[in-house]
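*Asks:* Structure in structure tokens, see below.
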Amino acid sequence: MSKDKKSSVKDDKSKKKNTSLRLDSKTLKALKLRAIEDDTSVQRIIETLVEDYLKKS
């Protein structure tokens with residue numbers, strides 16, 4: 001990875017904050033499987049869902 005790319009990835013991560021989320025084990029397992037099927041991450045799925053929800057407000 002080039003130095004410029006590393007820098008932009010680091011900058012992007014520094015804008016985000018951590019949070020905790022408790023899900024039923026079956027729900028989390030299904031979410032992880034779906035993320036694999038869609039070639040994405042659980043974090044990205046949840047972030048997209050939250051962003052879409054907030055746009056409706």
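FYI, nothing fancy with the structure tokens labels: chains A, B, ... in order, residues from 1 per chain, ligands from 1 as they appear.
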Considering only C-alpha atoms, return as a ChimeraX atom specification whatever protein or nucleic-acid residues lie within 12 Å of A:Leu21, sequence-local ones (same chain, fewer than 6 positions apart) excluded.
*Replies:* /A:27-28,42-43,46
*Asks:* Export N, CA, C and O atoms of the chosen residues as a compact mmCIF listing (two decimals), in the first residue's frame?
*Replies:*
# COMPACT_ATOMS: atom_id res chain seq x y z
N THR A 27 -29.06 -13.45 15.19
CA THR A 27 -29.09 -12.26 14.33
C THR A 27 -27.68 -11.89 13.90
O THR A 27 -27.43 -11.61 12.72
N LEU A 28 -26.75 -11.91 14.84
CA LEU A 28 -25.37 -11.56 14.52
C LEU A 28 -24.76 -12.57 13.54
O LEU A 28 -24.08 -12.18 12.59
N VAL A 42 -19.78 -6.22 8.51
CA VAL A 42 -20.90 -5.96 9.41
C VAL A 42 -20.93 -4.47 9.72
O VAL A 42 -21.99 -3.84 9.69
N GLN A 43 -19.78 -3.89 9.97
CA GLN A 43 -19.70 -2.46 10.27
C GLN A 43 -20.28 -1.63 9.14
O GLN A 43 -21.06 -0.70 9.38
N ILE A 46 -24.18 -1.96 8.99
CA ILE A 46 -24.84 -1.21 10.06
C ILE A 46 -24.72 0.29 9.80
O ILE A 46 -25.70 1.03 9.95
*Asks:* Leaving out A:Lys32 and any residue of its chain fewer than 3 positions from it, which residues lie within 12 Å of it when counting only C-alpha atoms, given as a list in words?
*Replies:* Leu23, Ser25, Lys26, Thr27, Leu28, Lys29, Ala35, Ile36, Glu37, Asp38, Asp39, Thr40, Ser41, Val42, Gln43, Arg44, Ile45 and Ile46 of chain A
*Asks:* Go ahead and write the residues just picked, N, CA, C and O atoms, as a short mmCIF file (atom, residue, chain, number, x, y, z; two decimals), in the first residue's frame.
*Replies:*
data_model
loop_
_atom_site.label_atom_id
_atom_site.label_comp_id
_atom_site.auth_asym_id
_atom_site.auth_seq_id
_atom_site.Cartn_x
_atom_site.Cartn_y
_atom_site.Cartn_z
N LEU A 23 -26.51 -7.78 20.01
CA LEU A 23 -27.47 -8.43 19.13
C LEU A 23 -27.67 -9.87 19.57
O LEU A 23 -26.75 -10.50 20.11
N SER A 25 -27.60 -13.71 19.24
CA SER A 25 -26.53 -14.48 18.58
C SER A 25 -26.94 -14.95 17.19
O SER A 25 -26.13 -14.95 16.26
N LYS A 26 -28.20 -15.34 17.02
CA LYS A 26 -28.66 -15.78 15.70
C LYS A 26 -28.68 -14.63 14.71
O LYS A 26 -28.33 -14.78 13.54
N THR A 27 -29.06 -13.45 15.19
CA THR A 27 -29.09 -12.26 14.33
C THR A 27 -27.68 -11.89 13.90
O THR A 27 -27.43 -11.61 12.72
N LEU A 28 -26.75 -11.91 14.84
CA LEU A 28 -25.37 -11.56 14.52
C LEU A 28 -24.76 -12.57 13.54
O LEU A 28 -24.08 -12.18 12.59
N LYS A 29 -25.05 -13.84 13.75
CA LYS A 29 -24.53 -14.86 12.84
C LYS A 29 -25.07 -14.65 11.43
O LYS A 29 -24.32 -14.69 10.45
N ALA A 35 -22.86 -10.42 5.32
CA ALA A 35 -21.72 -9.56 4.99
C ALA A 35 -20.73 -10.32 4.10
O ALA A 35 -20.23 -9.76 3.11
N ILE A 36 -20.48 -11.57 4.41
CA ILE A 36 -19.59 -12.39 3.60
C ILE A 36 -20.17 -12.56 2.20
O ILE A 36 -19.47 -12.39 1.20
N GLU A 37 -21.46 -12.88 2.13
CA GLU A 37 -22.11 -13.08 0.83
C GLU A 37 -22.06 -11.82 -0.03
O GLU A 37 -21.90 -11.88 -1.24
N ASP A 38 -22.19 -10.67 0.62
CA ASP A 38 -22.21 -9.38 -0.10
C ASP A 38 -20.82 -8.76 -0.23
O ASP A 38 -20.69 -7.63 -0.71
N ASP A 39 -19.79 -9.49 0.22
CA ASP A 39 -18.41 -9.01 0.16
C ASP A 39 -18.27 -7.63 0.80
O ASP A 39 -17.75 -6.68 0.21
N THR A 40 -18.78 -7.53 2.02
CA THR A 40 -18.70 -6.29 2.78
C THR A 40 -18.44 -6.64 4.24
O THR A 40 -18.03 -7.76 4.55
N SER A 41 -18.64 -5.70 5.12
CA SER A 41 -18.42 -5.94 6.55
C SER A 41 -19.70 -5.65 7.33
O SER A 41 -20.57 -4.91 6.87
N VAL A 42 -19.78 -6.22 8.51
CA VAL A 42 -20.90 -5.96 9.41
C VAL A 42 -20.93 -4.47 9.72
O VAL A 42 -21.99 -3.84 9.69
N GLN A 43 -19.78 -3.89 9.97
CA GLN A 43 -19.70 -2.46 10.27
C GLN A 43 -20.28 -1.63 9.14
O GLN A 43 -21.06 -0.70 9.38
N ARG A 44 -19.95 -1.95 7.91
CA ARG A 44 -20.45 -1.19 6.76
C ARG A 44 -21.96 -1.34 6.60
O ARG A 44 -22.66 -0.38 6.29
N ILE A 45 -22.47 -2.55 6.81
CA ILE A 45 -23.92 -2.77 6.72
C ILE A 45 -24.64 -1.92 7.75
O ILE A 45 -25.61 -1.22 7.43
N ILE A 46 -24.18 -1.96 8.99
CA ILE A 46 -24.84 -1.21 10.06
C ILE A 46 -24.72 0.29 9.80
O ILE A 46 -25.70 1.03 9.95
#
*Asks:* If you measure from atom CA of A:Asp52 to atom CA of A:Leu33, what distance in Å do you get, rounded to one decimal?
*Replies:*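 Interatomic distance, atom CA of A:Asp52 to atom CA of A:Leu33: 21.4 Å.
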